[in-house]
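Visitor: What follows is upload.txt; its format and atoms are compact mmCIF, C-alpha atoms and all ligand atoms.
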# COMPACT_ATOMS: atom_id res chain seq x y z
CA MET A 1 65.49 -44.49 43.69
CA THR A 2 64.74 -41.36 45.76
CA ALA A 3 61.25 -39.87 45.62
CA PRO A 4 60.91 -36.74 43.46
CA LEU A 5 60.60 -33.40 45.23
CA LEU A 6 57.42 -32.63 43.27
CA ASP A 7 54.94 -35.24 42.07
CA VAL A 8 51.97 -33.93 40.07
CA HIS A 9 49.38 -36.49 39.05
CA ASP A 10 46.36 -35.95 36.79
CA LEU A 11 46.14 -32.25 37.76
CA GLN A 12 42.98 -30.52 36.62
CA THR A 13 42.03 -26.87 36.88
CA HIS A 14 38.67 -26.12 35.33
CA PHE A 15 36.99 -22.73 35.59
CA PRO A 16 33.18 -22.77 35.52
CA ILE A 17 31.36 -20.80 32.80
CA ARG A 18 28.27 -19.21 34.33
CA LYS A 19 25.37 -17.66 32.46
CA GLY A 20 21.98 -16.09 33.06
CA LEU A 21 20.40 -14.36 36.05
CA LEU A 22 20.92 -17.36 38.30
CA ARG A 23 24.55 -17.70 37.18
CA LYS A 24 23.94 -21.32 36.22
CA THR A 25 27.07 -23.30 35.32
CA VAL A 26 26.79 -24.08 31.63
CA GLY A 27 30.29 -25.39 30.98
CA ALA A 28 33.92 -25.20 32.03
CA VAL A 29 37.17 -23.81 30.71
CA GLN A 30 39.51 -26.79 30.92
CA ALA A 31 42.67 -24.74 31.45
CA VAL A 32 44.60 -27.73 32.82
CA ASP A 33 43.17 -31.14 32.13
CA GLY A 34 45.04 -34.19 33.37
CA VAL A 35 48.64 -33.01 33.68
CA SER A 36 51.18 -35.38 35.30
CA PHE A 37 54.91 -35.02 35.87
CA THR A 38 57.58 -35.36 38.51
CA ILE A 39 60.60 -33.17 39.24
CA PRO A 40 63.59 -34.73 41.06
CA ARG A 41 65.28 -32.50 43.64
CA GLY A 42 67.94 -30.17 42.19
CA THR A 43 66.68 -30.43 38.61
CA THR A 44 64.63 -28.25 36.27
CA LEU A 45 61.54 -29.19 34.32
CA GLY A 46 60.73 -26.88 31.42
CA LEU A 47 57.04 -26.46 30.59
CA VAL A 48 56.56 -25.10 27.07
CA GLY A 49 53.70 -24.27 24.77
CA GLU A 50 51.93 -21.40 23.05
CA SER A 51 50.20 -18.76 25.13
CA GLY A 52 46.85 -20.03 26.39
CA CYS A 53 47.97 -23.68 26.55
CA GLY A 54 47.55 -23.77 30.35
CA LYS A 55 51.19 -23.77 31.42
CA THR A 56 50.89 -20.70 33.69
CA THR A 57 47.67 -22.05 35.26
CA ALA A 58 49.44 -25.37 35.87
CA GLY A 59 52.31 -23.58 37.68
CA ARG A 60 49.93 -21.54 39.83
CA SER A 61 47.74 -24.57 40.59
CA ILE A 62 50.76 -26.43 42.00
CA LEU A 63 51.29 -23.56 44.47
CA ARG A 64 47.51 -23.25 45.01
CA LEU A 65 47.54 -19.64 43.92
CA VAL A 66 44.74 -21.00 41.73
CA GLU A 67 42.70 -23.84 43.28
CA PRO A 68 42.97 -27.08 41.28
CA THR A 69 39.71 -28.95 40.71
CA GLY A 70 41.18 -32.45 40.50
CA GLY A 71 44.29 -34.59 40.73
CA SER A 72 47.08 -34.55 43.28
CA VAL A 73 50.20 -32.48 44.02
CA ARG A 74 52.75 -33.93 46.41
CA PHE A 75 55.68 -31.80 47.54
CA ALA A 76 58.41 -33.60 49.51
CA GLY A 77 55.81 -36.30 50.21
CA GLU A 78 53.15 -33.87 51.52
CA ASP A 79 49.74 -33.68 49.91
CA VAL A 80 49.59 -29.97 48.95
CA ARG A 81 45.85 -30.05 48.19
CA ALA A 82 45.02 -31.38 51.66
CA LEU A 83 46.81 -28.59 53.54
CA SER A 84 45.22 -25.44 54.95
CA GLY A 85 45.99 -22.59 57.36
CA GLY A 86 49.42 -22.63 58.98
CA GLN A 87 50.50 -25.85 57.26
CA LEU A 88 49.82 -24.36 53.82
CA ARG A 89 51.62 -21.15 54.79
CA GLY A 90 54.62 -23.18 55.93
CA LEU A 91 54.72 -25.03 52.64
CA ARG A 92 54.39 -21.80 50.66
CA ARG A 93 57.69 -20.58 52.12
CA ARG A 94 59.36 -23.64 50.61
CA MET A 95 57.63 -23.22 47.22
CA GLN A 96 58.14 -19.78 45.67
CA ILE A 97 57.27 -18.15 42.35
CA VAL A 98 58.89 -15.50 40.14
CA PHE A 99 56.37 -13.85 37.83
CA GLN A 100 56.82 -12.79 34.24
CA ASP A 101 56.35 -9.06 34.67
CA PRO A 102 58.84 -7.41 37.04
CA TYR A 103 56.91 -4.13 36.60
CA GLY A 104 53.56 -5.51 37.75
CA SER A 105 54.81 -7.97 40.39
CA LEU A 106 56.59 -5.41 42.63
CA ASN A 107 54.41 -2.91 44.50
CA PRO A 108 55.58 0.54 43.26
CA ARG A 109 54.68 2.16 46.61
CA MET A 110 56.91 -0.12 48.65
CA GLN A 111 60.65 0.22 49.18
CA VAL A 112 62.66 -2.87 48.26
CA ARG A 113 63.24 -3.37 52.00
CA SER A 114 59.47 -3.78 52.61
CA ILE A 115 59.04 -5.97 49.51
CA LEU A 116 61.71 -8.39 50.71
CA GLU A 117 60.83 -8.21 54.40
CA GLU A 118 57.10 -8.93 53.98
CA GLY A 119 57.56 -12.68 53.55
CA LEU A 120 60.14 -12.91 56.33
CA VAL A 121 57.70 -11.26 58.77
CA ILE A 122 54.77 -13.46 57.66
CA HIS A 123 56.86 -16.58 58.19
CA GLY A 124 58.40 -15.31 61.46
CA MET A 125 61.95 -15.62 60.13
CA GLY A 126 64.33 -13.84 62.54
CA ASP A 127 64.41 -10.48 64.33
CA ALA A 128 65.00 -7.15 62.55
CA ALA A 129 68.80 -7.57 62.45
CA ALA A 130 68.62 -11.17 61.17
CA ARG A 131 66.04 -10.18 58.56
CA ARG A 132 68.29 -7.38 57.29
CA GLU A 133 71.18 -9.80 57.04
CA LYS A 134 69.06 -12.23 55.01
CA MET A 135 67.81 -9.45 52.72
CA VAL A 136 71.29 -8.11 52.02
CA ALA A 137 72.57 -11.64 51.34
CA ALA A 138 69.68 -12.32 48.90
CA LEU A 139 70.30 -9.04 47.06
CA GLU A 140 74.03 -9.73 46.80
CA ARG A 141 73.38 -13.23 45.45
CA THR A 142 71.35 -11.67 42.64
CA GLY A 143 74.04 -9.09 41.83
CA LEU A 144 72.56 -6.11 43.71
CA THR A 145 73.79 -4.35 46.86
CA ALA A 146 72.38 -3.33 50.24
CA ALA A 147 71.82 0.18 48.83
CA ALA A 148 68.82 -1.23 46.91
CA LEU A 149 66.91 -1.71 50.18
CA GLU A 150 66.11 1.99 50.52
CA ARG A 151 64.99 2.46 46.93
CA TYR A 152 61.69 1.98 45.07
CA PRO A 153 61.08 -0.36 42.10
CA HIS A 154 60.76 2.50 39.58
CA GLU A 155 64.39 3.44 40.28
CA PHE A 156 65.58 0.16 38.69
CA SER A 157 65.79 -1.18 35.15
CA GLY A 158 63.67 -4.17 34.06
CA GLY A 159 66.55 -6.61 34.57
CA GLN A 160 67.29 -5.21 38.04
CA ARG A 161 63.61 -5.45 38.98
CA GLN A 162 63.58 -9.10 37.99
CA ARG A 163 66.67 -9.59 40.19
CA ILE A 164 64.70 -8.04 43.07
CA ALA A 165 61.81 -10.43 42.35
CA ILE A 166 64.27 -13.34 42.41
CA ALA A 167 65.78 -12.02 45.68
CA ARG A 168 62.25 -11.83 47.16
CA ALA A 169 61.81 -15.53 46.40
CA LEU A 170 65.33 -16.48 47.57
CA VAL A 171 65.19 -14.64 50.88
CA LEU A 172 62.67 -17.21 52.13
CA GLU A 173 65.18 -20.02 51.50
CA PRO A 174 62.86 -22.07 49.26
CA GLU A 175 63.55 -25.53 47.88
CA PHE A 176 61.35 -25.16 44.80
CA VAL A 177 60.70 -22.15 42.55
CA VAL A 178 58.16 -21.76 39.76
CA LEU A 179 59.70 -19.44 37.18
CA ASP A 180 56.78 -18.20 35.12
CA GLU A 181 58.19 -16.75 31.87
CA PRO A 182 60.85 -14.96 33.99
CA ILE A 183 62.70 -13.37 31.07
CA SER A 184 60.08 -12.77 28.40
CA ALA A 185 59.31 -9.21 29.57
CA LEU A 186 63.03 -8.27 29.57
CA ASP A 187 65.21 -6.76 26.83
CA VAL A 188 66.92 -9.44 24.75
CA SER A 189 70.29 -8.00 25.83
CA ILE A 190 69.70 -8.88 29.50
CA GLN A 191 67.74 -12.12 29.12
CA ALA A 192 70.92 -14.23 29.05
CA GLN A 193 72.24 -12.57 32.24
CA VAL A 194 69.06 -13.44 34.15
CA VAL A 195 69.02 -17.03 32.81
CA ASN A 196 72.68 -17.47 33.83
CA LEU A 197 71.87 -16.05 37.27
CA LEU A 198 69.07 -18.60 37.66
CA VAL A 199 71.42 -21.42 36.63
CA ASP A 200 74.07 -20.24 39.15
CA LEU A 201 71.52 -19.99 41.96
CA ARG A 202 70.22 -23.48 41.21
CA GLU A 203 73.74 -24.90 41.46
CA GLN A 204 74.62 -22.86 44.56
CA PHE A 205 71.51 -23.71 46.58
CA GLY A 206 70.43 -27.03 45.07
CA LEU A 207 67.14 -25.44 43.98
CA THR A 208 64.50 -27.25 41.97
CA TYR A 209 62.75 -25.28 39.21
CA LEU A 210 59.62 -25.47 37.12
CA PHE A 211 60.61 -23.17 34.24
CA ILE A 212 57.56 -22.05 32.26
CA SER A 213 58.23 -20.52 28.85
CA HIS A 214 57.10 -20.30 25.25
CA ASP A 215 60.76 -20.15 24.17
CA LEU A 216 62.11 -23.59 23.32
CA SER A 217 65.72 -22.44 23.00
CA VAL A 218 65.82 -20.94 26.52
CA VAL A 219 64.09 -23.99 27.98
CA GLY A 220 66.56 -26.25 26.17
CA TYR A 221 69.41 -24.34 27.81
CA ILE A 222 68.19 -24.37 31.41
CA ALA A 223 66.00 -27.51 31.72
CA ASP A 224 66.96 -31.13 32.33
CA GLU A 225 63.57 -32.39 31.16
CA VAL A 226 60.93 -30.67 29.05
CA ALA A 227 57.16 -31.17 28.89
CA VAL A 228 55.28 -29.75 25.91
CA MET A 229 51.71 -28.58 26.61
CA TYR A 230 48.87 -28.13 24.18
CA LEU A 231 45.35 -27.10 25.16
CA GLY A 232 45.60 -28.09 28.82
CA ARG A 233 47.50 -31.33 28.36
CA ILE A 234 51.07 -32.56 28.13
CA VAL A 235 51.61 -34.04 24.66
CA GLU A 236 55.31 -34.93 24.92
CA ARG A 237 57.91 -35.22 27.69
CA CYS A 238 61.58 -36.24 27.62
CA THR A 239 65.05 -34.84 28.31
CA ALA A 240 65.81 -31.40 26.87
CA LYS A 241 68.49 -32.90 24.63
CA GLU A 242 66.17 -35.56 23.20
CA LEU A 243 63.42 -33.06 22.58
CA ALA A 244 65.80 -30.87 20.58
CA THR A 245 67.27 -33.73 18.57
CA THR A 246 64.48 -36.30 18.25
CA PRO A 247 61.06 -34.69 18.78
CA LEU A 248 58.13 -37.01 18.17
CA HIS A 249 54.88 -35.08 18.45
CA PRO A 250 53.85 -33.14 15.31
CA TYR A 251 53.15 -30.08 17.50
CA THR A 252 56.71 -30.17 18.87
CA HIS A 253 58.08 -30.43 15.32
CA ALA A 254 56.05 -27.32 14.41
CA LEU A 255 57.31 -25.42 17.48
CA PHE A 256 60.94 -26.24 16.67
CA SER A 257 60.49 -25.21 13.05
CA ALA A 258 59.71 -21.68 14.31
CA VAL A 259 62.95 -21.41 16.34
CA PRO A 260 65.53 -19.34 14.44
CA SER A 261 69.07 -20.76 14.32
CA VAL A 262 72.35 -19.14 13.33
CA GLU A 263 73.71 -22.55 12.32
CA PRO A 264 72.60 -23.35 8.74
CA ALA A 265 72.72 -27.12 9.47
CA ARG A 266 70.18 -26.73 12.30
CA ARG A 267 67.71 -24.60 10.36
CA ARG A 268 64.43 -26.39 9.73
CA SER A 269 61.81 -25.41 7.21
CA ARG A 270 58.96 -23.59 8.89
CA ILE A 271 55.81 -25.63 9.49
CA VAL A 272 52.85 -23.29 9.54
CA LEU A 273 49.95 -24.72 11.51
CA ALA A 274 46.44 -24.15 10.23
CA GLY A 275 44.04 -22.05 12.33
CA ASP A 276 44.27 -20.91 15.92
CA VAL A 277 44.41 -22.82 19.18
CA PRO A 278 40.79 -23.93 19.86
CA SER A 279 38.99 -22.71 22.98
CA PRO A 280 39.69 -24.78 26.11
CA SER A 281 35.97 -24.53 26.86
CA ARG A 282 35.22 -26.64 23.79
CA PRO A 283 38.27 -28.84 23.20
CA PRO A 284 38.15 -30.92 19.99
CA SER A 285 37.21 -34.61 20.21
CA GLY A 286 39.92 -37.29 20.02
CA CYS A 287 43.36 -35.71 19.83
CA ARG A 288 43.01 -32.05 20.80
CA PHE A 289 45.58 -31.10 18.17
CA HIS A 290 43.77 -32.79 15.25
CA PRO A 291 42.13 -29.69 13.65
CA ARG A 292 45.63 -28.19 13.15
CA CYS A 293 47.72 -31.30 12.63
CA PRO A 294 49.12 -31.94 9.12
CA LEU A 295 49.34 -35.68 9.90
CA ALA A 296 45.82 -36.17 11.32
CA GLU A 297 44.06 -39.42 10.43
CA THR A 298 40.49 -40.56 11.08
CA ILE A 299 41.40 -42.17 14.41
CA CYS A 300 42.77 -38.81 15.59
CA THR A 301 39.32 -37.22 15.40
CA GLU A 302 37.72 -39.98 17.45
CA THR A 303 40.17 -41.38 19.98
CA ASP A 304 42.26 -39.55 22.53
CA PRO A 305 45.83 -40.80 21.93
CA PRO A 306 47.10 -42.74 24.97
CA ALA A 307 50.64 -42.32 26.32
CA THR A 308 53.35 -44.16 24.41
CA MET A 309 56.72 -44.52 26.12
CA ALA A 310 59.91 -45.36 24.21
CA ALA A 311 63.32 -45.21 25.91
CA GLY A 312 62.04 -42.76 28.53
CA HIS A 313 60.46 -40.51 25.86
CA LEU A 314 56.71 -39.99 26.39
CA VAL A 315 54.36 -38.94 23.61
CA HIS A 316 50.57 -38.79 23.10
CA CYS A 317 50.09 -39.27 19.35
CA HIS A 318 48.65 -42.12 17.25
CA VAL A 319 51.02 -41.50 14.34
CA ALA A 320 54.09 -41.21 16.58
CA ALA A 321 53.08 -44.49 18.28
CA GLN A 322 52.91 -46.17 14.85
CA ALA A 323 56.26 -44.69 13.85
CA ILE A 324 57.86 -45.98 17.07
CA GLU A 325 56.42 -49.44 16.45
CA GLN A 326 57.62 -49.48 12.83
CA ALA A 327 61.07 -48.32 13.95
CA GLN A 328 61.07 -51.04 16.64
CA GLY A 329 61.44 -48.58 19.46
CA ASP A 330 64.18 -46.50 17.80
CA VAL A 331 63.10 -42.96 18.75
CA ALA A 332 65.57 -41.24 16.40
CA ALA A 333 64.27 -43.22 13.42
CA ALA A 334 60.64 -42.55 14.43
CA SER A 335 61.39 -38.83 14.79
CA ALA A 336 62.98 -38.75 11.32
CA ARG A 337 59.90 -40.44 9.80
CA ILE A 338 57.59 -37.87 11.37
CA ALA A 339 59.82 -34.98 10.26
CA GLU A 340 59.76 -36.35 6.70
CA ALA A 341 55.97 -36.68 6.74
CA MET A 342 55.62 -33.14 8.16
CA ALA A 343 57.87 -31.73 5.41
CA LYS A 344 55.62 -33.08 2.63
CA PRO A 345 53.51 -30.34 1.05
FE1 LIG A 401 48.30 -35.31 14.85
FE2 LIG A 401 46.83 -37.50 15.16
FE3 LIG A 401 49.14 -37.28 16.41
FE4 LIG A 401 47.10 -35.81 17.16
S1 LIG A 401 47.25 -38.03 17.28
S2 LIG A 401 49.16 -35.12 16.89
S3 LIG A 401 46.12 -35.38 15.22
S4 LIG A 401 48.83 -37.36 14.19
As structure tokens, how would this structure be written, given the file I've shared?
Ligand code: SF4

Guide:
Amino acid sequence: MTAPLLDVHDLQTHFPIRKGLLRKTVGAVQAVDGVSFTIPRGTTLGLVGESGCGKTTAGRSILRLVEPTGGSVRFAGEDVRALSGGQLRGLRRRMQIVFQDPYGSLNPRMQVRSILEEGLVIHGMGDAAARREKMVAALERTGLTAAALERYPHEFSGGQRQRIAIARALVLEPEFVVLDEPISALDVSIQAQVVNLLVDLREQFGLTYLFISHDLSVVGYIADEVAVMYLGRIVERCTAKELATTPLHPYTHALFSAVPSVEPARRRSRIVLAGDVPSPSRPPSGCRFHPRCPLAETICTETDPPATMAAGHLVHCHVAAQAIEQAQGDVAAASARIAEAMAKP
């Protein structure tokens, strides 16, 4: 078996809470708290969850745009957290990011030429003529033309700006791209075009993606595997197809119940979760989801659910573990039991 391109193990990113005149540390916001996953080369992992669950911080911590406080990140066998200076810069060229907001992520005072050329100059990639060739090629791959080079971001629509942001990442010839909610700021009418562009580029260049989104249907379309995050942790991980057909974690069931479907057979009754997501500075004891979980039992308030693996499907839930055991490892049957229990008033 070949090693994955990205191997994230027990990643933690805690932000200190400081108070008083002496700015004493009195606690920590546990934005990411023990996240592990791998992404094989040429595949896409979808990272989903409500806003504030830590998925964006996880993506940025992998690239060290935010410094992780624990755990390890290995990219193509290299220990990302151990690198500094030129080595880190070199790795950054191979690991790019496309941000959510194409309005905020492109400097309005810079022509597209300067926006695209900046990274090429930093990484010493070619002379002026070679750089222009690379920039034009990147623009054309994203459906724009060389004419865009002389224009400013405000002269483009939201969808075109996101294409420029994608071209800025592509021009550096990366192997891995973090796509942080890349379509959620766009009009619904152009979201599908940008998703299809990302799929085409992945196939064309053998790219590997971490696709961060709150939208399960988009993630299901683009991702090979999906990890569901809740309050800084991954609670479920499996293939996109399995997650859509046989979810196990009660939180995933609730997320799917909120996804509208045009097919009557696929419509699920809406599960409304009680309360709001608790603060990551004071996560609940035991299972972090227990204050909102309709299936919570006493053990859930006391003991953090360990990982249960059944047929390659990972879940952190006491009740799901019981259901899997009762169904003798049959994930579909366990999923149906949980769905039935969740549907009870
Ligand atoms: Fe709900 Fe308990 Fe499972 Fe947590 S461990 S998701 S509280 S049933």

Visitor: Please, what is the axis-aligned box for every listed atom of ligand LIG 401 (chain A) with 4 Å on each side, as centre and edge lengths in Å to one decimal, as JSON?

Guide:
{"center_x": 47.6, "center_y": -36.6, "center_z": 15.7, "size_x": 11.0, "size_y": 10.9, "size_z": 11.1}

Visitor: Report as a list in words all protein, DNA and RNA residues lying within 7 Å of segment 194-204 of chain A, evaluated on only C-alpha atoms, omitting residues in the same chain fewer than 3 positions from it.

Guide: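 My reading of the contact set: Thr142, Ile190, Gln191, Leu207, Thr208 and Ile222 of chain A.
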
Visitor: Neighbouring residues of ligand LIG 401 (chain A) are defined here as those with any atom at most 7 Å from a ligand atom, counting only C-alpha atoms and all ligand atoms; list them as a list of chain:residue names.

Guide: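 Those within range of ligand LIG 401 (chain A) are A:His249, A:Pro250, A:Tyr251, A:Cys287, A:Arg288, A:Phe289, A:His290, A:Cys293, A:Pro294, A:Leu295, A:Ala296, A:Glu297, A:Cys300, A:Pro305, A:His316, A:Cys317, A:His318, A:Val319, A:Ala320.
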
Visitor: Using all atoms listed in the file, which of A:Val259, A:Ala58, A:Leu106, A:Val121 sits nearest Phe211 of chain A?

Guide: A:Ala58

Visitor: Looking at A:Leu186, A:Ala339, A:Leu172, A:Ala274, which one is nearest to Thr252 of chain A, with distances taken over all atoms listed in the file?

Guide: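 That would be A:Ala339, the residue with the smallest distance to Thr252 of chain A.
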
Visitor: Could you name the residues that touch Ala334 of chain A at 12 Å or less, counting all atoms listed in the file, but leaving out those on the same chain fewer than 2 positions away, as a PyMOL selection string?

Guide: chain A and resi 245-250+310+313+315+319-332+336-341

Visitor: Return the single residue from A:Leu47, A:Met95, A:Ile299, A:Val218 that is closest to Val188 of chain A, with distances computed using only C-alpha atoms.

Guide: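 Residue with the minimum atom-to-atom distance to Val188 of chain A: A:Val218.
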
Visitor: Which residues, protein or nucleic acid, reach to within 6 Å of (41.0, -29.5, 37.0) in the file's coordinates when using all atoms listed in the file, and can you give that as a list in words?

Guide: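 Protein, DNA and RNA residues close to (41.0, -29.5, 37.0): Leu11, Gln12, Thr13, His14, Val32, Asp33, Pro68, Thr69 and Gly70 of chain A.
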
Visitor: Kindly give the distance, in Å, that separates atom CA of Thr43 of chain A and atom CA of Leu170 of chain A, rounded to a single decimal.

Guide: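 Straight-line distance from atom CA of Thr43 of chain A to atom CA of Leu170 of chain A works out to 16.6 Å.
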
Visitor: For Leu116 of chain A, which residue out of A:Asp215, A:Asp187, A:Asp101, A:Glu150 is the nearest one, using all atoms listed in the file?

Guide: A:Glu150

Visitor: For Ile62 of chain A, work out the shell of residues within 8 Å, counting all atoms listed in the file and skipping chain neighbours fewer than 2 positions away, then give it as a list in words.

Guide: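 After dropping sequence-adjacent residues, the list is Val8, Ala58, Gly59, Arg60, Arg64, Leu65, Pro68, Val73 and Val80 of chain A.
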
Visitor: Of the residues A:Val178, A:Val112, A:Val98, A:Ala307, which is the one nearest to Ala148 of chain A, using only C-alpha atoms?

Guide: A:Val112

Visitor: Can you list, as a list in words, every protein, DNA or RNA residue that comes within 9 Å of His214 of chain A when you count all atoms listed in the file, leaving out same-chain residues fewer than 3 positions away?

Guide: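 In the requested format, the answer is Leu47, Val48, Gly49, Glu50, Ser51, Glu181, Ser184, Val218 and Val219 of chain A.
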
Visitor: Could you write out that same residue set with C-alpha atoms as a compact mmCIF listing (two decimals), in the coordinates of the input?

Guide:
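Written file, selection-v7.txt:
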# COMPACT_ATOMS: atom_id res chain seq x y z
CA LEU A 47 57.04 -26.46 30.59
CA VAL A 48 56.56 -25.10 27.07
CA GLY A 49 53.70 -24.27 24.77
CA GLU A 50 51.93 -21.40 23.05
CA SER A 51 50.20 -18.76 25.13
CA GLU A 181 58.19 -16.75 31.87
CA SER A 184 60.08 -12.77 28.40
CA VAL A 218 65.82 -20.94 26.52
CA VAL A 219 64.09 -23.99 27.98

Visitor: With only C-alpha atoms as the counted atoms, please give the residues lying no more than 12 Å from Gly46 of chain A, apart from itself and same-chain residues fewer than 3 positions off, as a ChimeraX atom specification.

Guide: /A:37-39,43,49,55-56,59,178-181,208-229,234,236-241,243

Visitor: Would you save the residues of that selection, restricted to C-alpha atoms, as a short mmCIF file (atom, residue, chain, number, x, y, z; two decimals), keeping the file's coordinate frame?

Guide:
data_model
loop_
_atom_site.label_atom_id
_atom_site.label_comp_id
_atom_site.auth_asym_id
_atom_site.auth_seq_id
_atom_site.Cartn_x
_atom_site.Cartn_y
_atom_site.Cartn_z
CA PHE A 37 54.91 -35.02 35.87
CA THR A 38 57.58 -35.36 38.51
CA ILE A 39 60.60 -33.17 39.24
CA THR A 43 66.68 -30.43 38.61
CA GLY A 49 53.70 -24.27 24.77
CA LYS A 55 51.19 -23.77 31.42
CA THR A 56 50.89 -20.70 33.69
CA GLY A 59 52.31 -23.58 37.68
CA VAL A 178 58.16 -21.76 39.76
CA LEU A 179 59.70 -19.44 37.18
CA ASP A 180 56.78 -18.20 35.12
CA GLU A 181 58.19 -16.75 31.87
CA THR A 208 64.50 -27.25 41.97
CA TYR A 209 62.75 -25.28 39.21
CA LEU A 210 59.62 -25.47 37.12
CA PHE A 211 60.61 -23.17 34.24
CA ILE A 212 57.56 -22.05 32.26
CA SER A 213 58.23 -20.52 28.85
CA HIS A 214 57.10 -20.30 25.25
CA ASP A 215 60.76 -20.15 24.17
CA LEU A 216 62.11 -23.59 23.32
CA SER A 217 65.72 -22.44 23.00
CA VAL A 218 65.82 -20.94 26.52
CA VAL A 219 64.09 -23.99 27.98
CA GLY A 220 66.56 -26.25 26.17
CA TYR A 221 69.41 -24.34 27.81
CA ILE A 222 68.19 -24.37 31.41
CA ALA A 223 66.00 -27.51 31.72
CA ASP A 224 66.96 -31.13 32.33
CA GLU A 225 63.57 -32.39 31.16
CA VAL A 226 60.93 -30.67 29.05
CA ALA A 227 57.16 -31.17 28.89
CA VAL A 228 55.28 -29.75 25.91
CA MET A 229 51.71 -28.58 26.61
CA ILE A 234 51.07 -32.56 28.13
CA GLU A 236 55.31 -34.93 24.92
CA ARG A 237 57.91 -35.22 27.69
CA CYS A 238 61.58 -36.24 27.62
CA THR A 239 65.05 -34.84 28.31
CA ALA A 240 65.81 -31.40 26.87
CA LYS A 241 68.49 -32.90 24.63
CA LEU A 243 63.42 -33.06 22.58
#

Visitor: Between atom CA of Ala169 of chain A and atom CA of Leu83 of chain A, what is the distance, to one decimal in Å?

Guide: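 Rounded to one decimal, the two atoms are 21.1 Å apart.
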
Visitor: One decimal, in Å: what's the spacing between atom CA of Ala185 of chain A and atom CA of Leu45 of chain A?

Guide: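 Separating atom CA of Ala185 of chain A from atom CA of Leu45 of chain A is a distance of 20.7 Å.
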
Visitor: Rank A:Val29, A:Ile115, A:Met110, A:Val177 by their smallest atom-to-atom distance to Gln96 of chain A, using only C-alpha atoms, and report the top residue only.

Guide: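 Result for the nearest residue to Gln96 of chain A: A:Val177.
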